[in-house]
$ cat input.cif   # mmCIF, C-alpha atoms; chains and numbers go by the auth columns
data_entry
loop_
_atom_site.group_PDB
_atom_site.id
_atom_site.type_symbol
_atom_site.label_atom_id
_atom_site.label_comp_id
_atom_site.label_asym_id
_atom_site.label_seq_id
_atom_site.Cartn_x
_atom_site.Cartn_y
_atom_site.Cartn_z
_atom_site.B_iso_or_equiv
_atom_site.auth_seq_id
_atom_site.auth_asym_id
ATOM 1 C CA MET A 1 139.559 89.707 84.867 0.00 14 A
ATOM 2 C CA ARG A 2 136.610 88.315 86.771 0.00 15 A
ATOM 3 C CA LEU A 3 133.093 87.989 85.372 0.00 16 A
ATOM 4 C CA VAL A 4 131.211 88.668 88.563 0.00 17 A
ATOM 5 C CA GLN A 5 127.697 87.789 87.467 0.00 18 A
ATOM 6 C CA ASN A 6 124.945 88.368 84.962 0.00 19 A
ATOM 7 C CA MET A 7 123.223 91.163 86.751 0.00 20 A
ATOM 8 C CA SER A 8 119.530 91.733 87.232 0.00 21 A
ATOM 9 C CA THR A 9 120.344 93.954 90.186 0.00 22 A
ATOM 10 C CA ILE A 10 123.469 95.942 90.911 0.00 23 A
ATOM 11 C CA ALA A 11 125.775 94.446 93.526 0.00 24 A
ATOM 12 C CA GLU A 12 128.953 95.901 94.928 0.00 25 A
ATOM 13 C CA TYR A 13 132.076 93.911 94.114 0.00 26 A
ATOM 14 C CA PRO A 14 134.710 93.205 95.298 0.00 27 A
ATOM 15 C CA GLY A 15 133.697 93.032 98.938 0.00 28 A
ATOM 16 C CA THR A 16 135.687 92.758 102.117 0.00 29 A
ATOM 17 C CA ASP A 17 138.456 90.806 100.374 0.00 30 A
ATOM 18 C CA CYS A 18 139.362 93.754 98.134 0.00 31 A
ATOM 19 C CA LEU A 19 142.993 94.760 98.598 0.00 32 A
ATOM 20 C CA SER A 20 142.728 97.924 96.502 0.00 33 A
ATOM 21 C CA ASN A 21 142.649 101.422 97.940 0.00 34 A
ATOM 22 C CA ARG A 22 140.010 102.555 95.452 0.00 35 A
ATOM 23 C CA VAL A 23 137.091 101.042 93.523 0.00 36 A
ATOM 24 C CA ILE A 24 136.177 102.672 90.193 0.00 37 A
ATOM 25 C CA LYS A 25 132.745 101.823 88.798 0.00 38 A
ATOM 26 C CA ILE A 26 132.124 102.353 85.071 0.00 39 A
ATOM 27 C CA ALA A 27 128.906 101.800 83.100 0.00 40 A
ATOM 28 C CA VAL A 28 129.149 101.190 79.340 0.00 41 A
ATOM 29 C CA VAL A 29 125.997 102.143 77.412 0.00 42 A
ATOM 30 C CA GLY A 30 124.974 102.371 73.766 0.00 43 A
ATOM 31 C CA GLY A 31 122.834 100.870 71.034 0.00 44 A
ATOM 32 C CA SER A 32 122.648 97.185 70.189 0.00 45 A
ATOM 33 C CA GLY A 33 125.540 95.755 68.187 0.00 46 A
ATOM 34 C CA VAL A 34 127.947 98.677 68.642 0.00 47 A
ATOM 35 C CA GLY A 35 130.610 96.520 70.316 0.00 48 A
ATOM 36 C CA LYS A 36 130.207 97.385 73.994 0.00 49 A
ATOM 37 C CA THR A 37 131.148 93.938 75.280 0.00 50 A
ATOM 38 C CA ALA A 38 134.072 93.679 72.870 0.00 51 A
ATOM 39 C CA LEU A 39 135.414 97.017 74.129 0.00 52 A
ATOM 40 C CA VAL A 40 135.085 95.992 77.785 0.00 53 A
ATOM 41 C CA VAL A 41 136.857 92.667 77.253 0.00 54 A
ATOM 42 C CA ARG A 42 139.512 94.343 75.092 0.00 55 A
ATOM 43 C CA PHE A 43 140.261 96.884 77.799 0.00 56 A
ATOM 44 C CA LEU A 44 140.411 94.401 80.668 0.00 57 A
ATOM 45 C CA THR A 45 142.160 91.486 78.930 0.00 58 A
ATOM 46 C CA LYS A 46 143.809 92.969 75.796 0.00 59 A
ATOM 47 C CA ARG A 47 141.991 90.255 73.826 0.00 60 A
ATOM 48 C CA PHE A 48 139.440 90.682 71.051 0.00 61 A
ATOM 49 C CA ILE A 49 136.591 88.200 70.720 0.00 62 A
ATOM 50 C CA GLY A 50 134.411 88.756 67.693 0.00 63 A
ATOM 51 C CA ASP A 51 131.243 86.886 68.633 0.00 64 A
ATOM 52 C CA TYR A 52 129.240 87.226 71.851 0.00 65 A
ATOM 53 C CA GLU A 53 125.919 86.000 73.064 0.00 66 A
ATOM 54 C CA ARG A 54 123.164 88.556 73.405 0.00 67 A
ATOM 55 C CA ASN A 55 124.190 91.058 76.066 0.00 68 A
ATOM 56 C CA ALA A 56 122.310 90.414 79.311 0.00 69 A
ATOM 57 C CA GLY A 57 124.335 92.940 81.276 0.00 70 A
ATOM 58 C CA SER A 58 127.455 91.538 82.948 0.00 71 A
ATOM 59 C CA LEU A 59 129.702 93.048 85.580 0.00 72 A
ATOM 60 C CA TYR A 60 133.436 92.601 85.075 0.00 73 A
ATOM 61 C CA SER A 61 136.111 93.367 87.660 0.00 74 A
ATOM 62 C CA ARG A 62 139.892 93.553 87.603 0.00 75 A
ATOM 63 C CA ASP A 63 142.601 94.950 89.876 0.00 76 A
ATOM 64 C CA VAL A 64 145.049 97.202 88.034 0.00 77 A
ATOM 65 C CA GLN A 65 147.797 99.717 88.711 0.00 78 A
ATOM 66 C CA LEU A 66 146.746 103.282 87.917 0.00 79 A
ATOM 67 C CA ASP A 67 149.562 105.811 88.247 0.00 80 A
ATOM 68 C CA GLY A 68 151.195 103.680 90.936 0.00 81 A
ATOM 69 C CA GLU A 69 147.956 103.110 92.871 0.00 82 A
ATOM 70 C CA GLN A 70 146.224 99.749 93.251 0.00 83 A
ATOM 71 C CA VAL A 71 142.701 100.167 91.844 0.00 84 A
ATOM 72 C CA ALA A 72 139.781 97.760 91.481 0.00 85 A
ATOM 73 C CA ILE A 73 137.941 98.581 88.256 0.00 86 A
ATOM 74 C CA GLN A 74 134.352 97.384 87.916 0.00 87 A
ATOM 75 C CA VAL A 75 132.875 97.687 84.425 0.00 88 A
ATOM 76 C CA GLN A 76 129.131 97.182 83.993 0.00 89 A
ATOM 77 C CA ASP A 77 128.198 96.079 80.493 0.00 90 A
ATOM 78 C CA THR A 78 124.565 96.859 79.611 0.00 91 A
ATOM 79 C CA PRO A 79 121.944 95.710 77.108 0.00 92 A
ATOM 80 C CA GLY A 80 121.555 97.812 73.980 0.00 93 A
ATOM 81 C CA VAL A 81 119.134 100.727 73.925 0.00 94 A
ATOM 82 C CA GLN A 82 116.813 101.696 71.073 0.00 95 A
ATOM 83 C CA VAL A 83 114.564 104.543 70.000 0.00 96 A
ATOM 84 C CA ASN A 84 110.875 104.037 69.455 0.00 97 A
ATOM 85 C CA ALA A 85 107.888 106.333 68.935 0.00 98 A
ATOM 86 C CA ASN A 86 107.944 107.303 72.619 0.00 99 A
ATOM 87 C CA GLY A 87 111.645 108.128 72.699 0.00 100 A
ATOM 88 C CA LEU A 88 114.522 106.197 74.185 0.00 101 A
ATOM 89 C CA SER A 89 113.731 102.553 74.969 0.00 102 A
ATOM 90 C CA CYS A 90 115.945 100.851 77.544 0.00 103 A
ATOM 91 C CA THR A 91 115.622 98.408 80.403 0.00 104 A
ATOM 92 C CA ASP A 92 115.625 99.362 84.069 0.00 105 A
ATOM 93 C CA HIS A 93 118.997 97.640 84.223 0.00 106 A
ATOM 94 C CA VAL A 94 120.524 100.368 82.054 0.00 107 A
ATOM 95 C CA THR A 95 119.134 103.130 84.269 0.00 108 A
ATOM 96 C CA ARG A 96 120.299 101.429 87.469 0.00 109 A
ATOM 97 C CA SER A 97 123.726 100.858 85.964 0.00 110 A
ATOM 98 C CA ILE A 98 124.091 104.557 85.179 0.00 111 A
ATOM 99 C CA GLN A 99 122.956 105.518 88.689 0.00 112 A
ATOM 100 C CA TRP A 100 125.427 103.018 90.202 0.00 113 A
ATOM 101 C CA ALA A 101 128.397 104.137 88.128 0.00 114 A
ATOM 102 C CA ASP A 102 131.052 106.697 88.989 0.00 115 A
ATOM 103 C CA ALA A 103 131.772 107.249 85.292 0.00 116 A
ATOM 104 C CA VAL A 104 130.028 106.462 81.997 0.00 117 A
ATOM 105 C CA VAL A 105 131.202 105.315 78.566 0.00 118 A
ATOM 106 C CA MET A 106 128.779 106.043 75.713 0.00 119 A
ATOM 107 C CA VAL A 107 129.424 103.970 72.580 0.00 120 A
ATOM 108 C CA TYR A 108 128.245 104.201 68.996 0.00 121 A
ATOM 109 C CA SER A 109 129.362 102.411 65.840 0.00 122 A
ATOM 110 C CA VAL A 110 130.666 104.399 62.878 0.00 123 A
ATOM 111 C CA THR A 111 128.863 101.846 60.680 0.00 124 A
ATOM 112 C CA ASP A 112 125.428 102.571 62.189 0.00 125 A
ATOM 113 C CA HIS A 113 124.130 106.134 62.123 0.00 126 A
ATOM 114 C CA ARG A 114 121.134 105.178 64.280 0.00 127 A
ATOM 115 C CA SER A 115 123.491 104.310 67.142 0.00 128 A
ATOM 116 C CA PHE A 116 125.049 107.762 66.756 0.00 129 A
ATOM 117 C CA ASP A 117 121.616 109.399 66.885 0.00 130 A
ATOM 118 C CA LEU A 118 121.018 107.750 70.277 0.00 131 A
ATOM 119 C CA ILE A 119 123.918 109.495 71.985 0.00 132 A
ATOM 120 C CA GLY A 120 122.192 112.793 72.723 0.00 133 A
ATOM 121 C CA GLN A 121 119.304 111.029 74.462 0.00 134 A
ATOM 122 C CA LEU A 122 121.694 108.731 76.328 0.00 135 A
ATOM 123 C CA HIS A 123 123.476 111.810 77.633 0.00 136 A
ATOM 124 C CA GLN A 124 120.135 113.174 78.847 0.00 137 A
ATOM 125 C CA LEU A 125 119.506 109.866 80.608 0.00 138 A
ATOM 126 C CA VAL A 126 122.871 110.161 82.394 0.00 139 A
ATOM 127 C CA SER A 127 122.073 113.750 83.384 0.00 140 A
ATOM 128 C CA HIS A 128 118.684 112.736 84.766 0.00 141 A
ATOM 129 C CA ALA A 129 120.109 109.761 86.664 0.00 142 A
ATOM 130 C CA HIS A 130 122.650 112.019 88.391 0.00 143 A
ATOM 131 C CA ALA A 131 120.418 115.063 88.789 0.00 144 A
ATOM 132 C CA GLU A 132 121.164 115.287 92.509 0.00 145 A
ATOM 133 C CA ARG A 133 124.878 115.763 91.869 0.00 146 A
ATOM 134 C CA SER A 134 126.376 119.217 91.467 0.00 147 A
ATOM 135 C CA THR A 135 128.357 117.966 88.447 0.00 148 A
ATOM 136 C CA LEU A 136 127.916 115.085 86.042 0.00 149 A
ATOM 137 C CA PRO A 137 130.170 112.047 86.370 0.00 150 A
ATOM 138 C CA PRO A 138 133.063 111.858 83.894 0.00 151 A
ATOM 139 C CA ILE A 139 131.728 110.759 80.497 0.00 152 A
ATOM 140 C CA ILE A 140 133.604 109.553 77.445 0.00 153 A
ATOM 141 C CA LEU A 141 132.221 109.073 73.943 0.00 154 A
ATOM 142 C CA LEU A 142 133.661 106.169 71.949 0.00 155 A
ATOM 143 C CA ALA A 143 133.171 105.744 68.202 0.00 156 A
ATOM 144 C CA ASN A 144 133.803 102.033 67.666 0.00 157 A
ATOM 145 C CA LYS A 145 134.559 99.963 64.526 0.00 158 A
ATOM 146 C CA ALA A 146 136.810 102.632 63.040 0.00 159 A
ATOM 147 C CA ASP A 147 138.559 99.934 61.003 0.00 160 A
ATOM 148 C CA LEU A 148 135.441 99.281 58.883 0.00 161 A
ATOM 149 C CA LEU A 149 136.003 102.184 56.503 0.00 162 A
ATOM 150 C CA HIS A 150 134.190 100.537 53.604 0.00 163 A
ATOM 151 C CA VAL A 151 130.873 100.523 55.520 0.00 164 A
ATOM 152 C CA ARG A 152 131.265 103.762 57.445 0.00 165 A
ATOM 153 C CA ARG A 153 128.033 105.716 57.930 0.00 166 A
ATOM 154 C CA VAL A 154 129.070 108.406 60.458 0.00 167 A
ATOM 155 C CA ASP A 155 131.509 111.078 59.293 0.00 168 A
ATOM 156 C CA ALA A 156 134.728 111.365 61.257 0.00 169 A
ATOM 157 C CA GLN A 157 133.959 115.008 62.132 0.00 170 A
ATOM 158 C CA GLN A 158 130.553 114.292 63.657 0.00 171 A
ATOM 159 C CA GLY A 159 131.859 112.479 66.735 0.00 172 A
ATOM 160 C CA PRO A 160 134.219 115.206 67.969 0.00 173 A
ATOM 161 C CA LEU A 161 131.593 117.892 67.348 0.00 174 A
ATOM 162 C CA LEU A 162 128.985 116.019 69.372 0.00 175 A
ATOM 163 C CA ALA A 163 131.465 115.304 72.174 0.00 176 A
ATOM 164 C CA SER A 164 132.343 118.989 72.331 0.00 177 A
ATOM 165 C CA ALA A 165 128.656 119.949 72.519 0.00 178 A
ATOM 166 C CA LEU A 166 128.115 117.439 75.344 0.00 179 A
ATOM 167 C CA SER A 167 131.343 118.430 77.155 0.00 180 A
ATOM 168 C CA CYS A 168 132.780 114.937 77.181 0.00 181 A
ATOM 169 C CA PHE A 169 135.964 113.293 75.927 0.00 182 A
ATOM 170 C CA PHE A 170 136.033 111.605 72.517 0.00 183 A
ATOM 171 C CA TYR A 171 137.967 108.694 71.050 0.00 184 A
ATOM 172 C CA GLU A 172 137.541 106.895 67.745 0.00 185 A
ATOM 173 C CA VAL A 173 138.621 103.294 68.308 0.00 186 A
ATOM 174 C CA SER A 174 138.618 99.801 66.899 0.00 187 A
ATOM 175 C CA ALA A 175 138.071 97.069 69.456 0.00 188 A
ATOM 176 C CA SER A 176 139.267 94.488 66.945 0.00 189 A
ATOM 177 C CA GLU A 177 142.511 96.124 65.780 0.00 190 A
ATOM 178 C CA ASP A 178 143.716 98.821 68.175 0.00 191 A
ATOM 179 C CA TYR A 179 144.110 98.004 71.873 0.00 192 A
ATOM 180 C CA SER A 180 146.184 101.123 72.592 0.00 193 A
ATOM 181 C CA GLN A 181 143.377 103.566 71.813 0.00 194 A
ATOM 182 C CA VAL A 182 140.829 101.537 73.787 0.00 195 A
ATOM 183 C CA HIS A 183 143.195 101.457 76.766 0.00 196 A
ATOM 184 C CA SER A 184 143.937 105.187 76.457 0.00 197 A
ATOM 185 C CA ALA A 185 140.228 106.023 76.495 0.00 198 A
ATOM 186 C CA PHE A 186 139.394 103.994 79.611 0.00 199 A
ATOM 187 C CA HIS A 187 142.626 105.053 81.324 0.00 200 A
ATOM 188 C CA ARG A 188 141.806 108.724 80.804 0.00 201 A
ATOM 189 C CA LEU A 189 138.337 108.193 82.210 0.00 202 A
ATOM 190 C CA CYS A 190 139.786 106.540 85.318 0.00 203 A
ATOM 191 C CA ARG A 191 142.296 109.354 85.811 0.00 204 A
ATOM 192 C CA GLU A 192 139.585 112.011 85.514 0.00 205 A
ATOM 193 C CA LEU A 193 137.528 110.169 88.098 0.00 206 A
ATOM 194 C CA ALA A 194 140.530 109.898 90.418 0.00 207 A
ATOM 195 C CA LYS A 195 140.877 113.696 90.240 0.00 208 A
ATOM 196 C CA GLN A 196 137.253 114.169 91.294 0.00 209 A
ATOM 197 C CA GLN A 197 137.414 111.594 94.083 0.00 210 A
ATOM 198 C CA PRO A 198 140.763 111.872 95.900 0.00 211 A
ATOM 199 C CA LEU A 199 141.554 109.215 98.430 0.00 212 A
ATOM 200 C CA PRO A 200 141.035 110.137 102.096 0.00 213 A
ATOM 201 C CA SER A 201 144.274 110.934 103.873 0.00 214 A
ATOM 202 C CA GLN A 202 145.866 107.894 105.439 0.00 215 A
ATOM 203 C CA PRO A 203 147.196 107.959 109.021 0.00 216 A
ATOM 204 C CA SER A 204 150.948 108.214 109.362 0.00 217 A
ATOM 205 C CA VAL A 205 153.002 105.126 110.058 0.00 218 A
ATOM 206 C CA THR A 206 153.762 106.344 113.574 0.00 219 A
ATOM 207 C CA ALA A 207 150.145 107.107 114.320 0.00 220 A
ATOM 208 C CA ALA A 208 148.999 103.825 112.827 0.00 221 A
ATOM 209 C CA GLY A 209 151.609 101.972 114.861 0.00 222 A
ATOM 210 C CA SER A 210 150.491 103.722 118.023 0.00 223 A
ATOM 211 C CA GLU A 211 146.883 102.834 117.261 0.00 224 A
ATOM 212 C CA LYS A 212 147.819 99.191 116.800 0.00 225 A
ATOM 213 C CA ARG A 213 149.663 99.214 120.107 0.00 226 A
ATOM 214 C CA ARG A 214 146.677 100.727 121.863 0.00 227 A
ATOM 215 C CA SER A 215 144.179 98.276 120.355 0.00 228 A
ATOM 216 C CA PRO A 216 145.811 94.935 119.596 0.00 229 A
ATOM 217 C CA LEU A 217 143.713 91.859 118.937 0.00 230 A
ATOM 218 C CA ILE A 218 145.158 90.198 122.065 0.00 231 A
ATOM 219 C CA PRO A 219 145.846 92.672 124.875 0.00 232 A
ATOM 220 C CA ARG A 220 149.508 92.778 125.764 0.00 233 A
ATOM 221 C CA PRO A 221 150.184 92.079 129.467 0.00 234 A
ATOM 222 C CA LYS A 222 151.593 94.931 131.490 0.00 235 A
ATOM 223 C CA SER A 223 155.339 94.943 131.927 0.00 236 A
ATOM 224 C CA PRO A 224 156.197 93.890 135.505 0.00 237 A
ATOM 225 C CA ASN A 225 157.927 96.344 137.792 0.00 238 A
ATOM 226 C CA MET A 226 161.605 95.405 138.232 0.00 239 A
ATOM 227 C CA GLN A 227 161.652 96.261 141.947 0.00 240 A
ATOM 228 C CA ASP A 228 158.649 94.011 142.464 0.00 241 A
ATOM 229 C CA LEU A 229 160.422 91.189 140.649 0.00 242 A
ATOM 230 C CA LYS A 230 163.523 91.531 142.902 0.00 243 A
ATOM 231 C CA ARG A 231 161.321 91.497 145.989 0.00 244 A
ATOM 232 C CA ARG A 232 159.541 88.338 144.877 0.00 245 A
ATOM 233 C CA PHE A 233 162.842 86.662 144.012 0.00 246 A
ATOM 234 C CA LYS A 234 164.272 87.403 147.492 0.00 247 A
ATOM 235 C CA GLN A 235 161.111 86.049 149.129 0.00 248 A
ATOM 236 C CA ALA A 236 161.304 82.837 147.121 0.00 249 A
ATOM 237 C CA LEU A 237 165.024 82.435 147.895 0.00 250 A
ATOM 238 C CA SER A 238 164.488 82.987 151.638 0.00 251 A
ATOM 239 C CA ALA A 239 161.698 80.391 151.676 0.00 252 A
ATOM 240 C CA LYS A 240 163.959 77.889 149.977 0.00 253 A
ATOM 241 C CA VAL A 241 166.779 78.500 152.503 0.00 254 A
ATOM 242 C CA ARG A 242 164.384 77.975 155.451 0.00 255 A
ATOM 243 C CA THR A 243 163.148 74.734 153.962 0.00 256 A
ATOM 244 C CA VAL A 244 166.686 73.346 153.551 0.00 257 A
ATOM 245 C CA THR A 245 167.669 74.375 157.117 0.00 258 A
ATOM 246 C CA SER A 246 164.633 72.667 158.690 0.00 259 A
ATOM 247 C CA VAL A 247 165.453 69.426 156.877 0.00 260 A
#

$ encode --input "input.cif" --output "C-alpha cells"
Amino acid sequence: MRLVQNMSTIAEYPGTDCLSNRVIKIAVVGGSGVGKTALVVRFLTKRFIGDYERNAGSLYSRDVQLDGEQVAIQVQDTPGVQVNANGLSCTDHVTRSIQWADAVVMVYSVTDHRSFDLIGQLHQLVSHAHAERSTLPPIILLANKADLLHVRRVDAQQGPLLASALSCFFYEVSASEDYSQVHSAFHRLCRELAKQQPLPSQPSVTAAGSEKRRSPLIPRPKSPNMQDLKRRFKQALSAKVRTVTSV
C-alpha cells in the first residue's frame, strides 16, 4: 500500500508508471470517529491499527488482482462530517472526493446513532455530486464496530432497512476483529464497478504485432533485393580481377 499524499486537492495516481489495466477510485465518507481510516488500512493491508491522528483526508493506493485482472485501487479517506442547524456540515474536500470517485463507501458506527442519522444526507450529497450521471455510482453502506456489543446504539435491523431504502449494499463489519467481512465489502464494490465500466477491447496479438512492425521506435531498413546484391558482388569481383591483372 502507498500513502500518496495528504490531499487538499484531488490528484490522479498512479500516473504513467501504472502497470494496471484499470484504476478504481473509491471515496470513504462518514461521521467523525466511525473508523473510516481503520477500515481503509484494514482492507489494503489486512492490519488493524487502533489509534490514528485526526483525519486530514489521505489517498491510499495499491495494485491488486481482481478476478484475474491487475487493478490499481485508489481509496480516498475523508474528514468526518457533522450535522448542524443548517444541515450537513462537511469540507469541500469531502465533496470533491465524492465527485472524483467511481464508487462510494458510506460508514457509520453501531455505537453512535448520530453517525447513523447522517447517512441519509450523505446519500443525498452523493446524488447531488453525480447529478449529471444517468445512474449513481456503486454505493455500499458499512456499519462498523460490530464487535462492541456492550455499547451498541444502532439496532442490527436498522442498517439493512436503510440500505434497502437507499438501494445500496450493506455490510456490518468490525475493522478490529474481522478482516474477511471488510474485504468482502470492498471486493463486492470493486466488482460492481467493473461491471459498469468494462475495459475497452484490446487489439489482437496479430494486429498489435503488425502495428509494432509498422511503427517501430527505430525504423527497420528495407531488405535489399537479392538480384541487386548479386550484381554488386559481380561488379566488385570484376574490379578486383582487373586490379590484380594490371599489377

$ residues_around --input "input.cif" --residues "region 201-212 of chain A" --least-positions-apart "6" --cutoff "8 Å" --atoms "all atoms listed in the file" --output "list in words"
Asn34, Arg35, Ile37, Leu79, Asp115, Ala116, Pro150, Pro151, Ile152 and Ile153 of chain A

$ atom_distance --input "input.cif" --atom1 "CA of Leu161 (chain A)" --atom2 "CA of Gly133 (chain A)"
23.4 Å

$ resolve_selection --input "input.cif" --expression "the PyMOL selection byres ((chain A and resi 113) around 12)" --output "PyMOL selection string"
chain A and resi 22-26+37-41+72+87-89+106-112+114-117+139+142-143+150

$ write_last_selection --input "input.cif" --atoms "C-alpha atoms" --output "PDB file, keeping the file's coordinate frame"
ATOM      1  CA  THR A  22     120.344  93.954  90.186  1.00  0.00           C
ATOM      2  CA  ILE A  23     123.469  95.942  90.911  1.00  0.00           C
ATOM      3  CA  ALA A  24     125.775  94.446  93.526  1.00  0.00           C
ATOM      4  CA  GLU A  25     128.953  95.901  94.928  1.00  0.00           C
ATOM      5  CA  TYR A  26     132.076  93.911  94.114  1.00  0.00           C
ATOM      6  CA  ILE A  37     136.177 102.672  90.193  1.00  0.00           C
ATOM      7  CA  LYS A  38     132.745 101.823  88.798  1.00  0.00           C
ATOM      8  CA  ILE A  39     132.124 102.353  85.071  1.00  0.00           C
ATOM      9  CA  ALA A  40     128.906 101.800  83.100  1.00  0.00           C
ATOM     10  CA  VAL A  41     129.149 101.190  79.340  1.00  0.00           C
ATOM     11  CA  LEU A  72     129.702  93.048  85.580  1.00  0.00           C
ATOM     12  CA  GLN A  87     134.352  97.384  87.916  1.00  0.00           C
ATOM     13  CA  VAL A  88     132.875  97.687  84.425  1.00  0.00           C
ATOM     14  CA  GLN A  89     129.131  97.182  83.993  1.00  0.00           C
ATOM     15  CA  HIS A 106     118.997  97.640  84.223  1.00  0.00           C
ATOM     16  CA  VAL A 107     120.524 100.368  82.054  1.00  0.00           C
ATOM     17  CA  THR A 108     119.134 103.130  84.269  1.00  0.00           C
ATOM     18  CA  ARG A 109     120.299 101.429  87.469  1.00  0.00           C
ATOM     19  CA  SER A 110     123.726 100.858  85.964  1.00  0.00           C
ATOM     20  CA  ILE A 111     124.091 104.557  85.179  1.00  0.00           C
ATOM     21  CA  GLN A 112     122.956 105.518  88.689  1.00  0.00           C
ATOM     22  CA  ALA A 114     128.397 104.137  88.128  1.00  0.00           C
ATOM     23  CA  ASP A 115     131.052 106.697  88.989  1.00  0.00           C
ATOM     24  CA  ALA A 116     131.772 107.249  85.292  1.00  0.00           C
ATOM     25  CA  VAL A 117     130.028 106.462  81.997  1.00  0.00           C
ATOM     26  CA  VAL A 139     122.871 110.161  82.394  1.00  0.00           C
ATOM     27  CA  ALA A 142     120.109 109.761  86.664  1.00  0.00           C
ATOM     28  CA  HIS A 143     122.650 112.019  88.391  1.00  0.00           C
ATOM     29  CA  PRO A 150     130.170 112.047  86.370  1.00  0.00           C
TER      30      PRO A 150
END

$ closest_residue --input "input.cif" --among "A:Cys103, A:Ile62, A:Ala144, A:Leu52" --to "Asp90 (chain A)" --atoms "only C-alpha atoms"
A:Leu52

$ resolve_selection --input "input.cif" --expression "the PyMOL selection byres ((chain A and resi 175) around 12)" --output "list in words"
Met119, Tyr121, Phe129, Asp130, Leu131, Ile132, Gly133, His136, Ile153, Leu154, Leu155, Ala156, Val167, Asp168, Ala169, Gln170, Gln171, Gly172, Pro173, Leu174, Ala176, Ser177, Ala178, Leu179, Ser180, Cys181, Phe182, Phe183 and Tyr184 of chain A

$ atom_distance --input "input.cif" --atom1 "CA of Ser102 (chain A)" --atom2 "CA of Arg146 (chain A)"
24.2 Å

$ atom_distance --input "input.cif" --atom1 "CA of Phe56 (chain A)" --atom2 "CA of His196 (chain A)"
5.5 Å

$ residues_around --input "input.cif" --residues "Thr124 (chain A)" --least-positions-apart "2" --cutoff "8 Å" --atoms "only C-alpha atoms" --output "CSV table (one decimal) with C-alpha atoms, in the coordinates of the input"
chain,number,residue,atom,x,y,z
A,122,SER,CA,129.4,102.4,65.8
A,126,HIS,CA,124.1,106.1,62.1
A,158,LYS,CA,134.6,100.0,64.5
A,161,LEU,CA,135.4,99.3,58.9
A,164,VAL,CA,130.9,100.5,55.5
A,165,ARG,CA,131.3,103.8,57.4
A,166,ARG,CA,128.0,105.7,57.9
A,167,VAL,CA,129.1,108.4,60.5

$ closest_residue --input "input.cif" --among "A:Val36, A:Gly44, A:His163, A:Gly63" --to "Ala85 (chain A)" --atoms "all atoms listed in the file"
A:Val36

$ closest_residue --input "input.cif" --among "A:Gly70, A:Gly46, A:Gly81, A:Pro92" --to "Asp125 (chain A)" --atoms "all atoms listed in the file"
A:Gly46
